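> Starting off with a structure, shown below.
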Amino acid sequence: MNSNAVLGDYSLEDYAAYMLSIGESAYRAKQLFQGISQGIAIEEMSNLPKAVRAQIKEDFFAPPVIVETYPSKDGSSKFLYRLHDGNLIEGVYMPHVYGVSLCISTQVGCRMRCAFCASGIDGLARNLTPGEMLGQITAANKLTAATVTNIVLMGSGEPLDNFENVVRFLTLVTDESGLNISRRNISLSTCGLPECIRELADSNTGVTLSISLHATTDEIRRELMPIAQKYTIRQVTDAARYYFEKTGRRIVYEYTLLKGKNMHYLDAKRLRDLTKGYAAHVNLIMLNPVAGKDLRGCTKQEAEQFLKRLQDFGISATLRKSMGSDVAGACGQLRRKMLQNEDF
């Protein structure tokens, strides 16, 4: 096993091999795996012998812990997590009538530097391990005494830029012996890496794919998203079509509304053409202002007018309900705020 492993990085079978390697019976692995899935700290796993717990603490880093909670007036909460090396990440806890959703991070920071996102302002610090992604969920479950039923990989980081760890996480989080979260209840949001989208389709994870589109012309998209310097909209949507054909899952296009950039009548027409011929949905997003970013959002009325225009074109579309804006709910905002606070 990796000497830098975080508790939660491995499968039940892997932990069985680990137990045998330290002279313990393989059945101890199930006790450990269940404890990890319940967010129980190693020192609290009383069903494991004290010597085994001490060995595990020596061999594995601790999973993330929630160090601050910021409740929003809309019922959601922003969580600030501290990792074993002192790095900070964040997540958004969103209770709904149909269950509890948790938006998790996949990287510490991000190197994509999208114009409307705070995650990439300070660049990428490092990738998260599968156990650090899993640990965000178990920590939220333990703190709230509720059960997260839906996961959104849309916090800090670009999931497909951490491909291997994210795919392993998806295997672990859907494991029937662990959290057993349905693949259909998991959404992965990407800025659009065509090769990785195709590889994800071939990996049979079966999660919902959300693509940050935000523009209908390559010229505007290049202004908003540096990744568009490398990939055209057509390359991204062709990969999305492949994902749909391979998995049968509807593609969701995230579209942040920016006045003077992407809300023209022609943008609606181009969205119609980009979503034609396969199951696709456009999720309109009101801009959550980010300090230091010179972008203009729109009014609720303007957003609803653009939504109606899309629907008149026969496009499946909704206006996303924004949550957590009063507690720095947008990706990366809270982490950056805390990094700038010398007293934290």
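By convention here, the chains of the structure tokens are called A, B, ... in the order presented, each chain's residues are numbered starting at 1, and ligands are numbered starting at 1 in the order presented.
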Show which residues sit within 12 Å of Ala54 of chain A, as a PyMOL selection string. Count only C-alpha atoms, and ignore same-chain residues fewer than 2 positions away.
chain A and resi 22+41-46+48-52+56-60
> Taking 2 positions as the minimum chain separation for residues in the same chain, which residues sit within 9 Å of Ala279 of chain A when counting only C-alpha atoms? Answer as a list in words.
Arg241, Phe244, Gly248, Arg249, Arg250, Ile251, Val252, Thr275, Lys276, Gly277, His281 and Ser316 of chain A
> Ranking A:Pro194, A:Ala239, A:Phe61, A:Ala115 by minimum distance to Ser3 of chain A and counting only C-alpha atoms, which one comes first?
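For Ser3 of chain A, the nearest of the given residues is A:Phe61.
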> Counting only C-alpha atoms, which residue out of A:Ala16, A:Cys114, A:Ile89, A:Val152 sits closest to Asn127 of chain A?
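Distance minimum relative to Asn127 of chain A lands on A:Ile89.
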> If you count only C-alpha atoms, which residues fall within 7 Å of Gly297 of chain A, apart from same-chain ones fewer than 3 positions away, as a count of residues only?
5
> Enter the distance from atom CA of Ala125 of chain A to atom CA of Ile227 of chain A, in Å, rounded to one decimal.
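Computing the Euclidean distance for atom CA of Ala125 of chain A and atom CA of Ile227 of chain A yields 18.4 Å.
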> Taking the DSSP secondary structure from the backbone, can you list the residues of segment 81-218 of chain A that are alpha helix (DSSP H), as a PyMOL selection string?
chain A and resi 130-144+163-173+194-202+218
> Please measure the separation of atom CA of Glu132 of chain A and atom CA of Phe116 of chain A, giving the value in Å to one decimal.
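Value for the atom CA of Glu132 of chain A-atom CA of Phe116 of chain A distance: 25.7 Å.
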> Using only C-alpha atoms for the distances, tell me which of A:Lys308, A:Ile137, A:Val207, A:Cys117 is nearest to Met225 of chain A.
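Smallest distance to Met225 of chain A is found for A:Cys117.
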